[in-house]
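Enquirer: Attaching a single structure in C-alpha cells format; questions to follow.
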Amino acid sequence: MSETMLKPESVFECFAQVNKVPRPSKREEKMIEFLLEYGRGLGLDTQRDETGNVIIRKPATPGMENRATVVLQSHMDMVCEKNNDVDFDFDKDAIQTYVDGEWLKAKGTTLGADDGIGVAMEMAILAAKDVKHGPLECVFTRDEETGLTGAEGMQPGFMSGQYLINLDSEDEGEIFVSCAGGCRTTATFHYEEKATPQNQFFVKLCIKGLTGGHSGDDIDKKRANANKLLARFLYMELKKMPVLLADIQAGGLHNAIPREAMAVVVVPTSMKETLRVDWNLFSADVEEEYRVTEPSMEFVLETADATPTVVDRSTCDRLIRALQGVYNGIYAMSQDIALVETSTNLASIHMVPERKTIEINSSQRSSLLSARHNIADTFAAVFELAGADVETGEGYPGWKPNPDSHLLKVTVAEYKRLFGKEPVVRGIHAGLECGLFSEKYPGLDMVSFGPTLRGVHSPDEKLLIPTVDMVWRHLLTILENI
Ligand SMILES: [Zn+2]
C-alpha cells in the first residue's frame, strides 16, 4: 500500500506535514510557528501562551452553535531516538516514514506518532468542511515527554471548553479516565566513619537479575523490589548478630522498580557460617515466593576486601530497621475502577562517602492528592523515626476517575454503536497531561484515547494504520453527538 492512499486521507496528509517539522521536546519553536501559521492560514482565532502552548478555535458548524465547547488536545513534541547507524538531525531533518503491512514506521528513528498522529487529527478537523461539531478548541501542548512542562505552564483560562478529549493514548479500544499524580521523597542519613572492629568478616551480598519495570505502570505486576529484599535479609541478620556496613549501592532511577541491590556487610568472623547458611535459606525462600514473576533472580555472596573504616553502628541499625519497616508497593486500589490508586516505590539506596551520607530515593503515586500526601507521609515518618533528614518534593497532580462523566458516557455509547463492542474503560498509574488539567480546570470532563502504537519512545515505534480510521470515525461521531 502506498502512503498516499492511507485512510483517512486528510489525517495522513496532515501527519506527513507534521513529520517535516522538527519538534524535539523543549525545542519546539519550529512546530509552534508551524501551528500558528496553520491556524491563521485557515482564518481561525489562533494564539500561543507564554509557555508555548498553542490554541486554535474553530466556530461551530451551522445548527451546532448551542453545543458545549469541546477541547481536542495533543502534545506537539516527540521523543527523539535513533539507531546508531542512522545519520539524522532531529533539529533539521524530516522523519522518513514507510508502510510495512498494516504498520506505519520510520526509517531508523522514532516515528513521532506519539503524539504527531493526535496533532494531525486536530489539524484535519480544523480544516474539514464536512464535519459536524459544536465550538471547538484545538490545543497543542509542548514538552509532554520530558516533564509535562507545557501542561504545567498552562494558565487557567487558556482553554474554555467544558469537555476535553486527549488524543495521546496508545491502544485503540481503550478509553482512559484516570491517571496518577506523583512525588519524590528522599531520606538522608549522616553517618560517622568508625574504625573497623577486630575479627570481622567482610562479605559482599548481591541480589540481581530481577525483572524491574516502571514504578507506576508495573507496580501491580507482583515483581520483587531488590532493595526491599536486601533490607529484609539485613534485618533478619541484625536480630542475630551485630551487622555493620562498609558500602551499600542499590537500585537506580527514581521511576524504576529496582533490579539490583548490593551491600558490603561486616559481621564478626564467628558469625561467618551462620550468615552464609542464612543467605542460602533466604534465597531459597525468596525464589519460591517469586517463582512466577522473577524467574532469573540471582543471589550472590562473595568475600570482600576488608576496609579500615565502616559506617557507625547506630546509623547501620537505624537504616536497616527503617528499610525493613517502610511500606513498599501497592497501597490502595481505586474504589471506582480496577486500577491501582496509591503506591510507593523504594527506588534507590546509595552510600556517598564524600558526603558521609546514605541517600534513599523513593516515589509515591496516587490518582488522589490526599492519598498521595498520606503515602508520602507514611514513608517520611519511618525515616524520621530513624533519624534521617526527609524531604518530599512538590510533585504533579493526578486525575481521579469520574463515574458521572457525560463525555465518557457518550464516548462509550458511540464506540459501541460504531464497532458493536464494548471499549475498555481504564486508568493508568502514571502521569498524564490530564492530571495537570484537572488541577487547573476543576470540573473539566475529560477522556483520553488514540490509535494503537507500539515501541513508542524507540526507533521501533510503529502505528497500526487501520486504527487511525477507527479513532477518527469515533472522534467525529462524539463531536457530532455530545
Ligand atoms: Zn505522548
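Residue numbers start at 1 in each chain; chains themselves are named A, B, ... in the order of the C-alpha cells; ligands are numbered from 1 in the order shown.
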Excluding Asp100 (chain A) and residues on its chain fewer than 3 positions from it, collect all residues at most 10 Å away from it, counting only C-alpha atoms, and give them as a VMD selection string.

Expert: chain A and resid 1 to 2 97 103 to 106 462 464 to 465

Enquirer: Can you tell me which residues surround region 246-261 of chain A at a distance of at most 6 Å, considering only C-alpha atoms, apart from same-chain residues fewer than 6 positions away, and format the answer as a ChimeraX atom specification?

Expert: /A:206-208,210,212-215,225-227,310,347-351

Enquirer: Quick one: residues within 8 Å of ligand 1, with only C-alpha atoms and all ligand atoms, as a PDB file with C-alpha atoms, in the first residue's frame?

Expert:
```
ATOM      1  CA  SER A  74      -2.436  16.556  21.841  1.00  0.00           C
ATOM      2  CA  HIS A  75       1.230  17.286  22.511  1.00  0.00           C
ATOM      3  CA  MET A  78       8.272  13.995  20.279  1.00  0.00           C
ATOM      4  CA  ASP A 114       3.297   9.829  19.791  1.00  0.00           C
ATOM      5  CA  ASP A 115       1.782  12.329  19.569  1.00  0.00           C
ATOM      6  CA  GLU A 144       4.946  16.493  27.347  1.00  0.00           C
ATOM      7  CA  GLU A 145       7.723  13.936  27.094  1.00  0.00           C
ATOM      8  CA  ASP A 168      -2.342  10.733  23.380  1.00  0.00           C
ATOM      9  CA  SER A 169      -3.281   7.136  24.246  1.00  0.00           C
TER      10      SER A 169
END
```

Enquirer: Would you list the contacts of Thr307 (chain A) as a PyMOL selection string, taking every protein, DNA or RNA residue within 10 Å and counting only C-alpha atoms, but skipping same-chain residues closer than 5 positions in sequence?

Expert: chain A and resi 195-196+202+246+266

Enquirer: Enumerate the residues of region 370-428 of chain A with a DSSP assignment of strand (DSSP E), computed from the backbone, and present them as a ChimeraX atom specification.

Expert: /A:389-392,424-428

Enquirer: For Pro8 (chain A), which residue out of A:Ile125, A:Pro401, A:Lys92, A:Glu192 is the nearest one, using only C-alpha atoms?

Expert: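 Ranked by minimum distance to Pro8 (chain A), first place goes to A:Ile125.
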
Enquirer: Return the single residue from A:Asn166, A:Thr309, A:Asn53, A:Thr342 that is closest to Glu152 (chain A), with distances computed using only C-alpha atoms.

Expert: A:Asn53

Enquirer: Would you mind listing what lies within 10 Å of region 27-38 of chain A as a compact mmCIF listing (two decimals) with N, CA and C atoms, in the first residue's frame, with only C-alpha atoms counted and same-chain residues fewer than 3 positions away left out?

Expert:
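Generated file (part39.txt):
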```
# COMPACT_ATOMS: atom_id res chain seq x y z
N GLN A 17 2.71 16.35 6.90
CA GLN A 17 3.17 17.74 7.12
C GLN A 17 3.88 17.87 8.47
N VAL A 18 3.28 17.26 9.48
CA VAL A 18 3.85 17.34 10.84
C VAL A 18 5.26 16.73 10.83
N LYS A 20 7.48 16.81 8.74
CA LYS A 20 8.52 17.66 8.13
C LYS A 20 9.03 18.71 9.12
N VAL A 21 8.31 18.84 10.25
CA VAL A 21 8.66 19.92 11.18
C VAL A 21 9.41 19.36 12.39
N PRO A 22 10.64 19.83 12.62
CA PRO A 22 11.39 19.35 13.80
C PRO A 22 10.66 19.73 15.09
N ARG A 23 10.62 18.81 16.03
CA ARG A 23 9.87 19.09 17.27
C ARG A 23 10.36 18.28 18.46
N PRO A 24 11.70 18.31 18.69
CA PRO A 24 12.18 17.64 19.90
C PRO A 24 11.63 18.34 21.15
N GLY A 41 -3.65 30.54 8.72
CA GLY A 41 -3.88 30.24 7.31
C GLY A 41 -5.32 29.80 7.05
N LEU A 42 -5.93 29.19 8.04
CA LEU A 42 -7.33 28.77 7.90
C LEU A 42 -8.29 29.89 8.30
N GLY A 43 -7.73 31.03 8.69
CA GLY A 43 -8.55 32.16 9.11
C GLY A 43 -9.18 31.96 10.47
N LEU A 44 -8.55 31.14 11.32
CA LEU A 44 -9.12 30.84 12.64
C LEU A 44 -8.40 31.60 13.74
N ASP A 45 -9.12 31.84 14.83
CA ASP A 45 -8.56 32.50 16.00
C ASP A 45 -7.45 31.61 16.58
N THR A 46 -6.22 32.09 16.51
CA THR A 46 -5.06 31.27 16.86
C THR A 46 -4.17 32.02 17.85
N GLN A 47 -3.83 31.36 18.95
CA GLN A 47 -2.99 32.03 19.96
C GLN A 47 -1.98 31.07 20.55
N ARG A 48 -0.92 31.65 21.09
CA ARG A 48 0.02 30.85 21.89
C ARG A 48 0.12 31.51 23.26
N GLY A 52 4.28 28.42 25.39
CA GLY A 52 4.48 27.90 24.04
C GLY A 52 3.37 26.96 23.60
N ASN A 53 2.36 26.79 24.45
CA ASN A 53 1.19 26.00 24.04
C ASN A 53 0.40 26.81 23.01
N VAL A 54 -0.22 26.09 22.07
CA VAL A 54 -0.97 26.76 21.01
C VAL A 54 -2.44 26.35 21.09
N ILE A 55 -3.33 27.33 20.85
CA ILE A 55 -4.76 27.03 20.79
C ILE A 55 -5.32 27.61 19.50
N ILE A 56 -6.10 26.80 18.79
CA ILE A 56 -6.78 27.26 17.57
C ILE A 56 -8.27 27.01 17.78
N MET A 76 2.71 18.48 21.04
CA MET A 76 3.41 18.74 19.78
C MET A 76 4.83 18.18 19.75
N ASP A 77 5.40 17.89 20.91
CA ASP A 77 6.80 17.43 20.93
C ASP A 77 6.88 15.92 20.72
N MET A 78 8.07 15.44 20.42
CA MET A 78 8.27 14.00 20.28
C MET A 78 9.60 13.57 20.90
N PHE A 90 17.59 15.60 14.39
CA PHE A 90 16.20 15.84 14.79
C PHE A 90 15.85 17.33 14.81
N ASP A 91 16.86 18.20 14.80
CA ASP A 91 16.58 19.64 14.78
C ASP A 91 16.37 20.17 13.36
N LYS A 92 16.62 19.33 12.36
CA LYS A 92 16.52 19.80 10.96
C LYS A 92 15.74 18.85 10.06
N VAL A 119 -1.92 15.30 16.82
CA VAL A 119 -1.81 16.64 16.24
C VAL A 119 -2.46 16.64 14.86
N MET A 123 -5.53 18.87 13.30
CA MET A 123 -5.35 19.70 12.10
C MET A 123 -6.40 19.37 11.05
N LEU A 126 -9.71 20.83 12.01
CA LEU A 126 -9.72 22.29 11.83
C LEU A 126 -9.96 22.66 10.37
N ALA A 127 -9.39 21.87 9.47
CA ALA A 127 -9.51 22.19 8.04
C ALA A 127 -10.77 21.62 7.41
N PHE A 140 -2.56 22.38 21.49
CA PHE A 140 -1.32 21.63 21.25
C PHE A 140 -0.34 22.04 22.35
N THR A 141 -0.02 21.12 23.23
CA THR A 141 0.88 21.45 24.32
C THR A 141 2.32 21.12 23.92
N ARG A 142 3.25 21.78 24.57
CA ARG A 142 4.65 21.48 24.28
C ARG A 142 5.24 20.65 25.43
N ASP A 143 6.32 20.00 25.15
CA ASP A 143 7.14 19.32 26.15
C ASP A 143 6.35 18.41 27.10
```
